[in-house]
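To start, the structure itself, in structure tokens.
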Amino acid sequence: KGDVSGHHLILLCKNEIGYKNLCYMVSKAFTDGFYMKPRIDMELLSAHHEGLVCLSGCVGGKIPQLILAGSMSEAEKYALEMKDIFREDFYLEIQNHGMEDELKVNFGIKLLSEKCGIPMVATNDVHYLERNDADTQATLLCIQTGNVITDGRPIGFETNEYYFKTEKEMRELFKAYKDAVDNTGIIADKCNFDFDFDHLHLPTFKSENGKTHKETLREFAEAGYKKHEENGRFDYSKHPKEEYIARMEYELSVIDTMGFNAYYLIVSDFVAYAKRNDIPVGPGRGSGAGSLVAFCVGITDVDPIAFDLLFERFLNPERVSMPDFDIDFCYNRREEVIDYVKRKYGDDKVAQITTFGTLAARAAVRDVGRALGMPYARVDTVAKLIPRELNITIEKALHSKELKEIYDDDPDVRRLINISKSLEGMPRHASTHAAGVVITEKPTYEYVPLS
């Protein structure tokens, strides 16, 4: 069963300070507090509570668990401790998904609210949009846990009430707790944080001798150009030197105007490290190969003018977007480059990104079949009728006469296909992306939570 000593708690961001505090605590929960599952302690919560609204949680929360254990005095003590931390931003949560324990908890919560002067809030766990999605959700949970749906619904999801309810439904459900429903609006009004996607958070490149990024990039580009020229990399008989010089000046101007001098220097630096240490690096791929400056500073190994490659495909003042160098490192030694970047910018400023494996058509059918407890041979027959084609979907596969016939004739197969269609494309698992690495100016947890 794993460790169950932790309790659920809801934290909502009021503002940017709250978002940064939440990112920090989530990161700490995964990187420092992970034992069976991520967790934080009261000391961390108390130190980083600013800008957050706190709800006491579902039946899995500490206060509900103390109420169910008959420890009302302990529940009161903890509630007052949380009120002392969050003050007017702490709410006692009540829920009603048709579970008997919730009714006991709600009665205890009401007593605590009246005695301690802590407002209540009515909430509903939402795990699917419509009530009739409950079976699909239960099947997905069985896939994740390796269980079979015929053994019963997963614990905690025995009812069909974990869907997105309307205000009318919530008011009817909690008509004895009118203020608790109204408080959802008050909490929503408190939460005013939004992401800023207009500002780029580029890391800082340290130039030598106090030179600006603009001066350093020009110096590197001119030195690289001279080296290529000496090595006979330019064919002036086809493209005169004036064309190269004009292109260089144009690119440097655009790079500087768009604020990407540091970006070029950062990429050039870790590519140079790889080449110095005999780590194989690709010659250049994608739109980045169209930059002469990239060729001169060693990012690419392709002369864009010789191949009539357009710089504007990479950087265009008319369409402001992040440049994107596709760098291919030898997969056996990629970690060495990442370790160099960590040493250069700081371990807390470098992180690899997450990738999500999704349920493809055949995999969805096989996983759902196992979760439904269907015979392997029957599931295998259905799965093999889905063509091995790129981007094939179950909907497309149903155009097959043979698959359509068994779908129409066999209710078990129809159920298998229908649930598989609803789960197709959903995340199956998370893992570390092979190539995506983030470098930040400040510690990464100040921008996004880490796992």
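Letters A, B, ... mark the chains of the structure tokens in the order given; residue numbers begin at 1 per chain; ligand numbers begin at 1, in order shown.
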
What's around Asp235 in chain A at 10 Å? Count only C-alpha atoms, leave out sequence neighbours fewer than 3 positions away in its own chain, and write the answer as a list in words.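 Skipping anything fewer than 3 positions along the chain leaves Glu229, Gly232, Lys238, His239, Pro240, Lys241, Asp303, Ile305 and Ala306 of chain A.
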
Those in range 221-390 of chain A with strand (DSSP E or B) from DSSP, as a count of residues only: 13

For the atom pair CA of Asn147 in chain A and CA of Ala371 in chain A, what is the interatomic distance in Å to one decimal place? 6.2 Å

Residue neighbourhood Val302 in chain A, 9 Å, only C-alpha atoms, exclusion window fewer than 2 positions, as a list in words: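 Listing them by chain and then by number gives Pro283, Gly284, Ala289, Gly290, Ser291, Leu292, Ala294, Phe295, Thr300, Pro304, Ile305, Ala306 and Phe307 of chain A.
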
Neighbour list for Lys344 in chain A as a PyMOL selection string, cut-off 10 Å, only C-alpha atoms, skip fewer than 4 positions in-chain: chain A and resi 205-206+269-270+338-340+349-350

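Each of A:Phe157, A:Tyr163, A:Tyr263, A:Tyr24 was compared to His201 in chain A using only C-alpha atoms, and A:Tyr263 turns out to be the nearest.
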
Write out as a list in words the residues lying within 12 Å of Val341 in chain A, counting only C-alpha atoms and excluding same-chain residues fewer than 3 positions away. Pro203, Phe205, Ile266, Val267, Ser268, Asp269, Phe270, Val271, Ala272, Tyr273, Ala274, Arg334, Glu335, Glu336, Val337, Ile338, Lys344, Tyr345, Gly346, Asp347, Asp348, Lys349, Val350, Ala351, Gln352, Val437, Val438, Ile439 and Thr440 of chain A

Restricting to only C-alpha atoms, whichever of A:Lys175, A:Arg428, A:His48, A:His8 is closest to Ile63 in chain A is A:His8

I'd like the contact shell of Val105 in chain A - 8 Å cut-off, only C-alpha atoms, skipping same-chain residues fewer than 5 positions apart - returned as a ChimeraX atom specification. /A:59,64,67-68,94

Neighbours of Gly185 in chain A within 10 Å (only C-alpha atoms; same-chain residues fewer than 5 positions away dropped), as a list in words? Val121, Ala180 and Lys190 of chain A
